[in-house]
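Asks: Dumping the structure here so I can ask a few things about it.
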Amino acid sequence: MYLKQLNISVKIAIGGLMAAKIGKFQFAIDRGGTFTDVFARCPNGKIKVLKLLSEDPEHYKDAPTEGIRRVLQEETGNAVDSDGNVHSNLIEWIRMGTTVATNALLERKGEPMALVTNKYFRDLLLIGNQARPSIFSLDIKRPEVLYSDVIEIDCRIIPKLEGKCQLNGISSRWRIIRGTTGEDFYVTKEVPVDEARQSLLKLKQSGINSLAVVLAHSYAFPDHEQIIGQLAKEIGFTHISLSHEVMPMIRIVSRGFTACADAYLTPHVKRYVQGFSRGFKDNLKGCRVLFMQSDGGLTPMDTFNGARAILSGPAGGVVGYATTTWQKETDLPVIGFDMGGTSTDVSRFSGKYEHVYESTTAGVTIQAPQLDVNTVAAGGGSMLFFRSGMFVVGPESAGAHPGPACYMKQGPLTVTDANLALGRLLPEYFPKIFGPNEDSSLDKIATIKQFERLQKEINDFLSTQSDIQNNNMSLEEVAMGFVRVANEAMCRPIRALTQAKGYDTARHALACFGGAGGQHACAIARSLGMTTVFIHKYAGILSAYGMAVADVVHEAQEPAAKTYTDNNFTYFSDRLEVLGEQCIEELKKQGFDEESIELDYYLHMRYDGTDCALMCNPAELNAGTRHGDFLKSFIDRYQTEFGFVIKHRDVIVDDIRVRGIGKNLVEQDLEKNAAVGDPEIEKFVQTYFEGGFYETKVYLLEKLFRGHVLNGPAIIMDKLSTILVEPDCTALITRCGDVKITIGSGKIKDIGPELDSIQLSIFSHRFMSIAEQMGRILQRTSISTNIKERLDFSCALFGADGGLVSNAPHIPVHLGAMQEAVQYQMKNRGYFHEGDVILSNHPAAGGSHLPDFTVITPVFHKGSDKPIFYVASRGHHADIGGITPGSMPPHSTSLDQEGAAFKSFLLVDKGRFCEEEFTVEINKAGGRNLNDNISDLRAQVAANQKGIQLVSELIAQYGLHVVQAYMGHIQSNAEIAVRDMLKEVAKDALNRTGRTVLEAEDRMDDGSLIKLKVALNDKDGSAICDFNGSGPEVWGNCNAPKAITFSALIYCLRCMVGHDVPLNQGCLAPINVIIPKGSILDPSDNAAVVGGNVLTSQRIVDVVLKAFRVCAASQGCMNNITFGSESWGCYETVAGGSGAGPTWHGCSGVHTHMTNTRITDIEIVERRYPVHVRKFMLREGTGGAGRYQGGDGVLRELYFRAPVTLSVLTERRVLEPYGLEGGRPGARGLNLLIRFDGRTINLGPKTAVQVEPGTINHVELCCSVS
């Protein structure tokens, strides 16, 4: 609900530091991006609630101050002194959450600041994890960095790695120091104090006053940061964020982002806080002012900082629903559902707040405790579209300006308009604040007019479709369709939040708050199988109410690097006690006595050799450390979240943390008066639900009393929100005046196999959600870095014919490729048994390259002889044998040199996992990491099983014939979308060139030609993609299996369509693909192919996009770097530059096209392997000249500290990435080896070499222009 200003006086008592009489006013305030909510408790016990615009400069400077002033003026008649300042002596405390930090981050309006970091790392935060935000966007929009300047300091430390480092004489010259974690480090270069001082002086003179100092491994050795911090302080910098103080955790990129956010936001937040204080007499002296942090705890005004303020507002809502719902109105775990205008936040509470310790907001990764709140771009302002026969909601939003169509500012149709058209919003209960002069009611007529136009567009399309079920939709059916699609979009993050952590979604209650949520709560709960919805009486301002009942929190944390063993229990106990004392001391300063202070103890734990750490508190007090047994808690959580534990593996403690809590003494809510007689009905209205219009009763919440029961359909109007009670649902007014809704089964719409456009959109969401959830299970249950951390995997769902139905867009090179693998099994295996699972990776069987293991599960239904559908998952395994560690040999010439090859291996035989048989095969091929192979294969089987479960639920809901019919409908819809796009391309080509034939070619570095001729049909939107003329199979490994060409085509088509379409076989239906057999694009069975997947795939994309004249060449390579020994290995794909387009510049230091894998943080690499990352930076100026510049490549330099086998598998080292439309080509890449004696060797694009300690691998990566 959207309100400009609301002032409500409510004389009911509620809980939260409240007695019958209190001496002064208490205020809890949520300053949001659009509205500011005020919850006030008066000295006489009266509750006042106020909602006003956060920005209204014509009437007031600051919304929270104005809200306080209005309450005090109404209650006392004397709110301000002669200077216009609010009397602070009337106020006991103010608690506030604010989006000031979030908005500054989103709008990039924080304090100008600079980054101080190690030499050669100036671009480290710009490159980040090198993944692009949207994999189908050719115009890559990466969020801007927060710093405006960088200083590089030539100082460095690296882990000593006793027993691994073999530099001997070289390392003997370095100073050895002991870090705070207990690890030893080498200081390879000390801080050059004079140079650092001069650089800082020059920076200060440029006008910069805020610094973030981020040095490698400072989490364990902070001395260098402290030296630089002291220099900056002496020079006069007003704010200095040292990364080890902001968040002392490993991972320089995340820690660096956090320190930058602190330096960027904290001065901005402080200015706001100071400005807020100046609005009160004596600057709020004697008044206790607390701010809500992202972790759900309050902190004093003077310690509130930017890095912990990002989720300040949403955190209040989580605290609000947690304290009012959990074990009060339900014993079920609770899902918080906060639906606003532009987005919806979902979270979970089951007795303890669920925190994450690394999250991304506005492109900035923050490494700090935050409540686990998931946001989806679907809210009341989400825009409505009809595209290629599908109903589409969002992600675009109308925002506050112009807002929905009904706001009378020429805005687009939105979800709010759909609810208005259906009679679910009642304009007469809204304030008159809309229109150009902000003096009108919601304009239903404007909404209806726009819906009539959209209705005509939809019906015109439907009339051309012979197989459509309903080709003449009413306006209400159209609006209802969009509401149903919006509901399904909002169900997806809730399923992800619960099922991704091993919880049953249906075994939760839905706590709904926010202005728009009450209109959708019943439908969403029913879709998710939930039976209970809870809506607090202050649901419209629940974030503000949450501030009133929140606890005060102080945290202390330090890094560790010790194994969880008996020998270290005393150390952990001692450090926990020290940190606990720090928390107690800080909370005592804030007025808490020891009886009201609680301490929560945590260890940040992970299995040795993995990167997935869990923050665990002790499970038992009679075992383990003096504070309890943390290992049991870790194992239990690992089993719950990941589905397995790793036996006989050490558990490492990375961090020690204590959370001190100053308890808020919340009293019980006072009961509302019991109902006498039936509830008072305000009026009857006609409201549209499934099946038509229903006579719907309208009630006012303020006139409802304890025990009143309202049978749906009903609308409950509150001055803060609208609550819709759907048919077959029942609302109960609880003892405290809140609304508890029991969800009935409802009238189930009869869905047949005939095509229905609304149901098509819903099935599209469900099918994609299945593939996404399979991916989450695979990531959750895998063990290898490649799958769990680098996200090198994909999951997909297939129909009974093996055709792709949905493929979650994890890695583009996998798109569509698994269809070939499934259909190969159907054709060649012939018969499947229930409980069978097939393993395949052979190129001739639809594989991409051998390390990508595809696990295929046929699914049967009620004794059927043949599978009714298939699920499959593909993941990159770190080592499967072959002639080099990592199974990515750069010089392989036959498939058997690249590792174990499986055309159709029975991995699970009627339910039995064939571990022994697999072990024999992988050992034959020389596999070096069997345990991880088996663990990841089990994870893939588990992911497939999840897909089977979810599709089975769909079948149970709709019937097999309907689900299979919509699998076909979804594929047909993708075909329509591609045909529409090809028609437009053909018309454009005809206008530009007079012909509809497009041609392009390019060459690999060895001279192999890739040639494409595209013949377009502008009438039916079909095309012939003819690769005849492409070079023959090569004596090397750049041969690309046929499936890779299909993947590249699907990727390119999806990019050119420009909006979401189902990713399935329908994308290729309009295209006849001709690939010459025996060519580099369809080689013989035993051809080496490892480079085809990672190199040739990129060149195919470049050729396709060149033919369509879409953009210039990108780096054309995945830059595969593998190094290791027989006992360990590391595999990296390194970013480069993206190609420019006709209206955009390319992006620098980012993965492009067929990959989007993450790169491991340099601190993790250096801590785990005997390698020193000397340089990682942009290769400036390599984009070449052009009106639109291509993205720059990167330079990465590795210094090896032990003997290793180094493999490089790269392209664009000989032939430059081309420019388009007169743009100059980008620079070539370069692979150098610099030996310890100074000798420099050009390795060429592909080689494997034995490297001695002290050798440097110097890689320069390329880019392109337009």
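Naming works like this for the structure tokens: A, B, ... for the chains as they're shown, residue 1 at the start of each chain, ligands 1 onward in shown order.
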Give me, as a PyMOL selection string, all polymer residues having an atom no more than 12 Å from Asp1082 of chain A, counting only C-alpha atoms and skipping those fewer than 3 positions away in the same chain.
Replies: chain A and resi 843-844+846-848+1010+1027-1028+1030-1034+1038-1046+1074-1079+1085-1089+1092+1096
Asks: Using only C-alpha atoms, what does the table of segment 746-819 of chain A residues within 12 Å of segment 124-145 of chain A look like, with each row giving the shortest atom pair and its distance in Å to one decimal, sorted by chain and ascending number, as JSON lines?
Replies:
```
{"residue": "A:Glu789", "atom": "CA", "partner": "A:Asn129", "partner_atom": "CA", "distance": 10.7}
{"residue": "A:Arg790", "atom": "CA", "partner": "A:Asn129", "partner_atom": "CA", "distance": 9.3}
{"residue": "A:Leu791", "atom": "CA", "partner": "A:Ala131", "partner_atom": "CA", "distance": 10.5}
{"residue": "A:Asp792", "atom": "CA", "partner": "A:Ala131", "partner_atom": "CA", "distance": 11.8}
{"residue": "A:Ala808", "atom": "CA", "partner": "A:Ile135", "partner_atom": "CA", "distance": 11.5}
{"residue": "A:Pro809", "atom": "CA", "partner": "A:Ile135", "partner_atom": "CA", "distance": 7.9}
{"residue": "A:His810", "atom": "CA", "partner": "A:Ile135", "partner_atom": "CA", "distance": 8.6}
{"residue": "A:Ile811", "atom": "CA", "partner": "A:Ile135", "partner_atom": "CA", "distance": 8.4}
{"residue": "A:Pro812", "atom": "CA", "partner": "A:Ile135", "partner_atom": "CA", "distance": 7.7}
{"residue": "A:Val813", "atom": "CA", "partner": "A:Ile135", "partner_atom": "CA", "distance": 11.2}
{"residue": "A:Leu815", "atom": "CA", "partner": "A:Ile135", "partner_atom": "CA", "distance": 11.8}
```
Asks: Selection from above, all heavy atoms, as a tab-separated table (two decimals), in the first residue's frame, can you write it?
Replies:
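This is the output file out.tsv:
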```
chain	number	residue	atom	x	y	z
A	789	GLU	N	32.54	-23.98	-5.36
A	789	GLU	CA	32.99	-22.60	-5.29
A	789	GLU	C	33.03	-21.92	-6.65
A	789	GLU	O	32.55	-20.81	-6.81
A	789	GLU	CB	34.39	-22.54	-4.64
A	789	GLU	CG	34.46	-23.15	-3.25
A	789	GLU	CD	33.61	-22.40	-2.24
A	789	GLU	OE1	33.47	-21.17	-2.39
A	789	GLU	OE2	33.09	-23.04	-1.32
A	790	ARG	N	33.61	-22.60	-7.67
A	790	ARG	CA	33.71	-21.99	-9.00
A	790	ARG	C	32.40	-22.10	-9.78
A	790	ARG	O	32.23	-21.45	-10.80
A	790	ARG	CB	34.85	-22.63	-9.79
A	790	ARG	CG	36.24	-22.36	-9.20
A	790	ARG	CD	37.35	-22.99	-10.05
A	790	ARG	NE	37.33	-22.44	-11.40
A	790	ARG	CZ	37.01	-23.13	-12.48
A	790	ARG	NH1	36.65	-24.41	-12.40
A	790	ARG	NH2	37.02	-22.57	-13.67
A	791	LEU	N	31.47	-22.94	-9.31
A	791	LEU	CA	30.14	-23.09	-9.92
A	791	LEU	C	30.22	-23.56	-11.36
A	791	LEU	O	29.46	-23.11	-12.22
A	791	LEU	CB	29.35	-21.77	-9.83
A	791	LEU	CG	29.27	-21.12	-8.45
A	791	LEU	CD1	28.39	-19.88	-8.49
A	791	LEU	CD2	28.78	-22.09	-7.40
A	792	ASP	N	31.12	-24.50	-11.62
A	792	ASP	CA	31.29	-25.03	-12.97
A	792	ASP	C	30.39	-26.25	-13.13
A	792	ASP	O	30.84	-27.41	-13.10
A	792	ASP	CB	32.76	-25.39	-13.20
A	792	ASP	CG	33.07	-25.60	-14.68
A	792	ASP	OD1	32.11	-25.70	-15.48
A	792	ASP	OD2	34.26	-25.69	-15.04
A	808	ALA	N	18.87	-24.52	-16.27
A	808	ALA	CA	19.24	-23.35	-15.47
A	808	ALA	C	20.53	-22.77	-16.02
A	808	ALA	O	21.49	-23.51	-16.27
A	808	ALA	CB	19.40	-23.73	-14.00
A	809	PRO	N	20.59	-21.47	-16.25
A	809	PRO	CA	21.76	-20.87	-16.91
A	809	PRO	C	22.95	-20.73	-15.98
A	809	PRO	O	23.29	-19.64	-15.53
A	809	PRO	CB	21.23	-19.50	-17.35
A	809	PRO	CG	20.17	-19.16	-16.35
A	809	PRO	CD	19.54	-20.47	-15.96
A	810	HIS	N	23.56	-21.86	-15.66
A	810	HIS	CA	24.74	-21.82	-14.81
A	810	HIS	C	25.99	-21.51	-15.62
A	810	HIS	O	26.66	-20.51	-15.41
A	810	HIS	CB	24.90	-23.16	-14.08
A	810	HIS	CG	23.77	-23.49	-13.16
A	810	HIS	ND1	22.93	-24.57	-13.36
A	810	HIS	CD2	23.31	-22.88	-12.06
A	810	HIS	CE1	22.02	-24.61	-12.41
A	810	HIS	NE2	22.23	-23.60	-11.60
A	811	ILE	N	26.33	-22.38	-16.57
A	811	ILE	CA	27.49	-22.20	-17.44
A	811	ILE	C	27.01	-22.26	-18.89
A	811	ILE	O	26.48	-23.29	-19.32
A	811	ILE	CB	28.55	-23.29	-17.19
A	811	ILE	CG1	29.05	-23.20	-15.74
A	811	ILE	CG2	29.72	-23.13	-18.16
A	811	ILE	CD1	29.81	-21.94	-15.41
A	812	PRO	N	27.19	-21.21	-19.68
A	812	PRO	CA	26.64	-21.19	-21.04
A	812	PRO	C	27.13	-22.33	-21.93
A	812	PRO	O	26.38	-22.78	-22.80
A	812	PRO	CB	27.09	-19.83	-21.58
A	812	PRO	CG	27.20	-18.97	-20.37
A	812	PRO	CD	27.72	-19.88	-19.29
A	813	VAL	N	28.36	-22.80	-21.74
A	813	VAL	CA	28.88	-23.84	-22.63
A	813	VAL	C	28.12	-25.15	-22.46
A	813	VAL	O	28.17	-26.03	-23.31
A	813	VAL	CB	30.40	-24.05	-22.40
A	813	VAL	CG1	30.65	-24.85	-21.13
A	813	VAL	CG2	31.04	-24.72	-23.61
A	815	LEU	N	24.76	-25.14	-22.14
A	815	LEU	CA	23.39	-24.92	-22.60
A	815	LEU	C	23.07	-25.82	-23.80
A	815	LEU	O	23.72	-25.75	-24.83
A	815	LEU	CB	23.19	-23.46	-23.02
A	815	LEU	CG	23.08	-22.43	-21.90
A	815	LEU	CD1	23.07	-21.04	-22.48
A	815	LEU	CD2	21.85	-22.68	-21.06
```
Asks: Quick one: everything within 9 Å of Val1204 of chain A, counting only C-alpha atoms, minus sequence neighbours fewer than 2 positions away in the same chain. Send it as an NGL selection string.
Replies: :A and (1123-1125 or 1200-1202 or 1206 or 1249-1253)
Asks: Go ahead and dump the residues you just picked, all heavy atoms, as an mmCIF file, in the first residue's frame.
Replies:
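And here is the file that came out, again.cif:
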```
data_model
loop_
_atom_site.group_PDB
_atom_site.id
_atom_site.type_symbol
_atom_site.label_atom_id
_atom_site.label_comp_id
_atom_site.auth_asym_id
_atom_site.auth_seq_id
_atom_site.Cartn_x
_atom_site.Cartn_y
_atom_site.Cartn_z
ATOM 1 N N PHE A 1123 48.089 -25.936 -12.700
ATOM 2 C CA PHE A 1123 49.414 -26.244 -12.148
ATOM 3 C C PHE A 1123 49.240 -27.158 -10.944
ATOM 4 O O PHE A 1123 48.219 -27.136 -10.262
ATOM 5 C CB PHE A 1123 50.170 -24.964 -11.763
ATOM 6 C CG PHE A 1123 49.419 -24.029 -10.856
ATOM 7 C CD1 PHE A 1123 49.489 -24.150 -9.477
ATOM 8 C CD2 PHE A 1123 48.630 -23.011 -11.377
ATOM 9 C CE1 PHE A 1123 48.804 -23.292 -8.640
ATOM 10 C CE2 PHE A 1123 47.930 -22.145 -10.550
ATOM 11 C CZ PHE A 1123 48.013 -22.285 -9.179
ATOM 12 N N GLY A 1124 50.246 -27.975 -10.719
ATOM 13 C CA GLY A 1124 50.165 -28.902 -9.600
ATOM 14 C C GLY A 1124 51.174 -30.018 -9.727
ATOM 15 O O GLY A 1124 52.086 -29.992 -10.564
ATOM 16 N N SER A 1125 50.988 -31.032 -8.878
ATOM 17 C CA SER A 1125 51.857 -32.207 -8.858
ATOM 18 C C SER A 1125 50.962 -33.433 -8.838
ATOM 19 O O SER A 1125 49.750 -33.339 -9.021
ATOM 20 C CB SER A 1125 52.756 -32.169 -7.622
ATOM 21 O OG SER A 1125 51.971 -32.272 -6.436
ATOM 22 N N PHE A 1200 56.163 -19.554 -8.538
ATOM 23 C CA PHE A 1200 56.056 -20.912 -7.995
ATOM 24 C C PHE A 1200 57.138 -21.156 -6.941
ATOM 25 O O PHE A 1200 58.310 -20.873 -7.153
ATOM 26 C CB PHE A 1200 56.164 -21.935 -9.125
ATOM 27 C CG PHE A 1200 55.023 -21.847 -10.115
ATOM 28 C CD1 PHE A 1200 55.227 -21.297 -11.371
ATOM 29 C CD2 PHE A 1200 53.745 -22.256 -9.762
ATOM 30 C CE1 PHE A 1200 54.190 -21.183 -12.273
ATOM 31 C CE2 PHE A 1200 52.699 -22.146 -10.648
ATOM 32 C CZ PHE A 1200 52.918 -21.604 -11.908
ATOM 33 N N ARG A 1201 56.702 -21.729 -5.813
ATOM 34 C CA ARG A 1201 57.583 -21.936 -4.662
ATOM 35 C C ARG A 1201 57.942 -23.405 -4.475
ATOM 36 O O ARG A 1201 58.555 -23.772 -3.486
ATOM 37 C CB ARG A 1201 56.902 -21.390 -3.408
ATOM 38 C CG ARG A 1201 56.562 -19.914 -3.509
ATOM 39 C CD ARG A 1201 55.625 -19.448 -2.412
ATOM 40 N NE ARG A 1201 56.167 -19.676 -1.089
ATOM 41 C CZ ARG A 1201 55.498 -19.533 0.037
ATOM 42 N NH1 ARG A 1201 54.216 -19.165 -0.002
ATOM 43 N NH2 ARG A 1201 56.060 -19.771 1.195
ATOM 44 N N ALA A 1202 57.552 -24.242 -5.430
ATOM 45 C CA ALA A 1202 57.863 -25.678 -5.402
ATOM 46 C C ALA A 1202 57.819 -26.183 -6.839
ATOM 47 O O ALA A 1202 57.261 -25.522 -7.728
ATOM 48 C CB ALA A 1202 56.840 -26.429 -4.540
ATOM 49 N N LEU A 1206 53.186 -27.121 -15.058
ATOM 50 C CA LEU A 1206 52.364 -25.986 -15.474
ATOM 51 C C LEU A 1206 51.804 -26.265 -16.863
ATOM 52 O O LEU A 1206 52.554 -26.599 -17.791
ATOM 53 C CB LEU A 1206 53.202 -24.705 -15.504
ATOM 54 C CG LEU A 1206 52.550 -23.477 -16.154
ATOM 55 C CD1 LEU A 1206 51.379 -22.985 -15.316
ATOM 56 C CD2 LEU A 1206 53.580 -22.357 -16.358
ATOM 57 N N VAL A 1249 54.779 -27.700 -19.086
ATOM 58 C CA VAL A 1249 56.201 -27.593 -18.798
ATOM 59 C C VAL A 1249 56.442 -27.863 -17.316
ATOM 60 O O VAL A 1249 55.613 -27.514 -16.470
ATOM 61 C CB VAL A 1249 56.721 -26.195 -19.211
ATOM 62 C CG1 VAL A 1249 56.003 -25.099 -18.448
ATOM 63 C CG2 VAL A 1249 58.224 -26.069 -19.029
ATOM 64 N N GLN A 1250 57.560 -28.505 -17.012
ATOM 65 C CA GLN A 1250 57.971 -28.702 -15.625
ATOM 66 C C GLN A 1250 58.653 -27.438 -15.139
ATOM 67 O O GLN A 1250 59.567 -26.924 -15.791
ATOM 68 C CB GLN A 1250 58.919 -29.898 -15.521
ATOM 69 C CG GLN A 1250 58.305 -31.224 -15.948
ATOM 70 C CD GLN A 1250 57.105 -31.604 -15.112
ATOM 71 O OE1 GLN A 1250 57.149 -31.520 -13.883
ATOM 72 N NE2 GLN A 1250 56.032 -32.004 -15.778
ATOM 73 N N VAL A 1251 58.200 -26.950 -14.008
ATOM 74 C CA VAL A 1251 58.650 -25.657 -13.513
ATOM 75 C C VAL A 1251 59.383 -25.853 -12.190
ATOM 76 O O VAL A 1251 58.907 -26.557 -11.298
ATOM 77 C CB VAL A 1251 57.444 -24.707 -13.334
ATOM 78 C CG1 VAL A 1251 57.875 -23.428 -12.652
ATOM 79 C CG2 VAL A 1251 56.822 -24.399 -14.682
ATOM 80 N N GLU A 1252 60.535 -25.203 -12.063
ATOM 81 C CA GLU A 1252 61.317 -25.273 -10.832
ATOM 82 C C GLU A 1252 60.941 -24.122 -9.896
ATOM 83 O O GLU A 1252 60.421 -23.101 -10.346
ATOM 84 C CB GLU A 1252 62.817 -25.208 -11.155
ATOM 85 C CG GLU A 1252 63.330 -26.410 -11.936
ATOM 86 C CD GLU A 1252 63.079 -27.718 -11.203
ATOM 87 O OE1 GLU A 1252 63.369 -27.779 -9.986
ATOM 88 O OE2 GLU A 1252 62.552 -28.652 -11.824
ATOM 89 N N PRO A 1253 61.214 -24.275 -8.592
ATOM 90 C CA PRO A 1253 60.923 -23.189 -7.649
ATOM 91 C C PRO A 1253 61.632 -21.902 -8.061
ATOM 92 O O PRO A 1253 62.763 -21.924 -8.547
ATOM 93 C CB PRO A 1253 61.461 -23.719 -6.319
ATOM 94 C CG PRO A 1253 61.467 -25.206 -6.474
ATOM 95 C CD PRO A 1253 61.754 -25.471 -7.915
#
```
Asks: Among segment 281-321 of chain A, which ones does DSSP place in helix (DSSP H, G or I), written as a list of chain:residue names?
Replies: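 Helix (DSSP H, G or I) members of segment 281-321 of chain A, listed: A:Lys281, A:Asp282, A:Asn283, A:Leu284, A:Met301, A:Asp302, A:Thr303, A:Gly306, A:Ala307, A:Arg308, A:Ser312, A:Gly313, A:Pro314, A:Ala315, A:Gly316, A:Gly317, A:Val318, A:Val319, A:Gly320, A:Tyr321.
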Asks: When you draw a straight line from atom CA of Ala79 of chain A to atom CA of Phe25 of chain A, how long is it in Å?
Replies: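 About the pair atom CA of Ala79 of chain A and atom CA of Phe25 of chain A: they are 11.7 Å apart.
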Asks: With only C-alpha atoms as the basis for distance, which of A:Ile535, A:Met301, A:Met249, A:Val415 is at the shortest distance from Ala479 of chain A?
Replies: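 Of the candidates, the smallest distance to Ala479 of chain A is held by A:Val415.
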Asks: Pick out the closest residue to Gly316 of chain A from this set: A:Gly341, A:Gly514, A:Gly1186, A:Gly1116. Count only C-alpha atoms.
Replies: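 Of the candidates, the smallest distance to Gly316 of chain A is held by A:Gly514.
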Asks: Out of segment 508-595 of chain A, which residues get strand (DSSP E) from DSSP, as a list of chain:residue names?
Replies: A:Ala509, A:Leu510, A:Ala511, A:Cys512, A:Phe513, A:Thr532, A:Val533, A:Phe534, A:Ile535, A:Val552, A:Val553, A:His554, A:Glu555, A:Ala556, A:Gln557, A:Glu558, A:Pro559, A:Ala560, A:Ala561, A:Lys562, A:Thr563
Asks: Choose the residue, out of A:Ala220, A:Ile157, A:Val553, A:Ala986, that has the smallest atom-to-atom separation from Met292 of chain A; count only C-alpha atoms.
Replies: A:Val553
Asks: Could you check which of A:Leu850, A:Val1150, A:Leu804, A:Ala619 is closest to Gly875 of chain A, using only C-alpha atoms?
Replies: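 Of A:Leu850, A:Val1150, A:Leu804, A:Ala619, the one nearest Gly875 of chain A, counting only C-alpha atoms, is A:Leu850.
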Asks: Skip Ala259 of chain A itself and residues of its chain fewer than 4 positions away, then list as a PyMOL selection string all residues within 12 Å of it, counting only C-alpha atoms.
Replies: chain A and resi 113-117+125+146-147+210-215+225+239-249+252-255+263-266+305-308+364-368
Asks: Tell me which protein, DNA and RNA residues are within 9 Å of segment 182-198 of chain A, counting only C-alpha atoms, leaving out same-chain ones fewer than 6 positions away, and put them as a ChimeraX atom specification.
Replies: /A:151-162,171,173-176,220-221,224,227-228,231-232,235,560-562
Asks: With C-alpha atoms retained, export the selected residues as a PDB file, in the first residue's frame.
Replies:
```
ATOM      1  CA  ILE A 151      47.655   3.980  -4.142  1.00  0.00           C
ATOM      2  CA  GLU A 152      49.847   0.927  -4.512  1.00  0.00           C
ATOM      3  CA  ILE A 153      52.355   0.224  -1.731  1.00  0.00           C
ATOM      4  CA  ASP A 154      55.285  -2.060  -2.570  1.00  0.00           C
ATOM      5  CA  CYS A 155      55.008  -4.279   0.499  1.00  0.00           C
ATOM      6  CA  ARG A 156      53.987  -7.930   0.777  1.00  0.00           C
ATOM      7  CA  ILE A 157      53.693 -10.951   3.028  1.00  0.00           C
ATOM      8  CA  ILE A 158      52.951 -14.556   2.045  1.00  0.00           C
ATOM      9  CA  PRO A 159      52.261 -17.703   4.102  1.00  0.00           C
ATOM     10  CA  LYS A 160      55.456 -19.575   5.020  1.00  0.00           C
ATOM     11  CA  LEU A 161      53.928 -23.013   4.190  1.00  0.00           C
ATOM     12  CA  GLU A 162      56.414 -25.075   6.155  1.00  0.00           C
ATOM     13  CA  SER A 171      63.304 -17.519   1.263  1.00  0.00           C
ATOM     14  CA  ARG A 173      66.470 -13.664   3.009  1.00  0.00           C
ATOM     15  CA  TRP A 174      62.882 -12.976   4.122  1.00  0.00           C
ATOM     16  CA  ARG A 175      61.844 -12.076   7.640  1.00  0.00           C
ATOM     17  CA  ILE A 176      59.593 -14.648   9.354  1.00  0.00           C
ATOM     18  CA  ALA A 220      46.537 -12.487  10.178  1.00  0.00           C
ATOM     19  CA  PHE A 221      49.370  -9.913  10.047  1.00  0.00           C
ATOM     20  CA  HIS A 224      51.642  -3.167   7.552  1.00  0.00           C
ATOM     21  CA  ILE A 227      51.819   1.494   9.696  1.00  0.00           C
ATOM     22  CA  ILE A 228      49.969   2.950   6.724  1.00  0.00           C
ATOM     23  CA  LEU A 231      50.830   7.664   8.422  1.00  0.00           C
ATOM     24  CA  ALA A 232      47.390   8.576   7.066  1.00  0.00           C
ATOM     25  CA  ILE A 235      48.669  13.477   7.441  1.00  0.00           C
ATOM     26  CA  ALA A 560      42.275 -18.486  13.606  1.00  0.00           C
ATOM     27  CA  ALA A 561      43.922 -21.227  11.594  1.00  0.00           C
ATOM     28  CA  LYS A 562      43.841 -24.214  13.895  1.00  0.00           C
TER      29      LYS A 562
END
```
Asks: What does the distance from atom CA of Gln823 of chain A to atom CA of Leu1053 of chain A come to in Å, to one decimal?
Replies: 22.2 Å
Asks: Measuring atom to atom with only C-alpha atoms, identify which of A:Thr238, A:Ser294, A:Gln773, A:Thr993 is nearest to Leu797 of chain A.
Replies: A:Gln773
Asks: Give me, as a VMD selection string, all polymer residues having an atom no more than 8 Å from Leu1012 of chain A, counting only C-alpha atoms and skipping those fewer than 3 positions away in the same chain.
Replies: chain A and resid 999 to 1001 1025 to 1030 1103 to 1104 1107
Asks: Keeping only C-alpha atoms, take the residues you just selected and write them out as a short mmCIF file (atom, residue, chain, number, x, y, z; two decimals), in the first residue's frame.
Replies:
```cif
data_model
loop_
_atom_site.label_atom_id
_atom_site.label_comp_id
_atom_site.auth_asym_id
_atom_site.auth_seq_id
_atom_site.Cartn_x
_atom_site.Cartn_y
_atom_site.Cartn_z
CA GLU A 999 28.44 -14.65 -43.52
CA ALA A 1000 31.43 -14.65 -41.21
CA GLU A 1001 34.61 -16.55 -40.57
CA CYS A 1025 23.30 -22.08 -40.21
CA ASP A 1026 25.81 -23.72 -42.50
CA PHE A 1027 29.31 -24.37 -41.16
CA ASN A 1028 30.53 -25.96 -44.41
CA GLY A 1029 34.01 -24.76 -45.24
CA SER A 1030 35.19 -25.02 -41.63
CA VAL A 1103 31.83 -16.08 -35.53
CA VAL A 1104 28.06 -16.24 -34.92
CA ALA A 1107 27.77 -12.83 -38.79
#
```
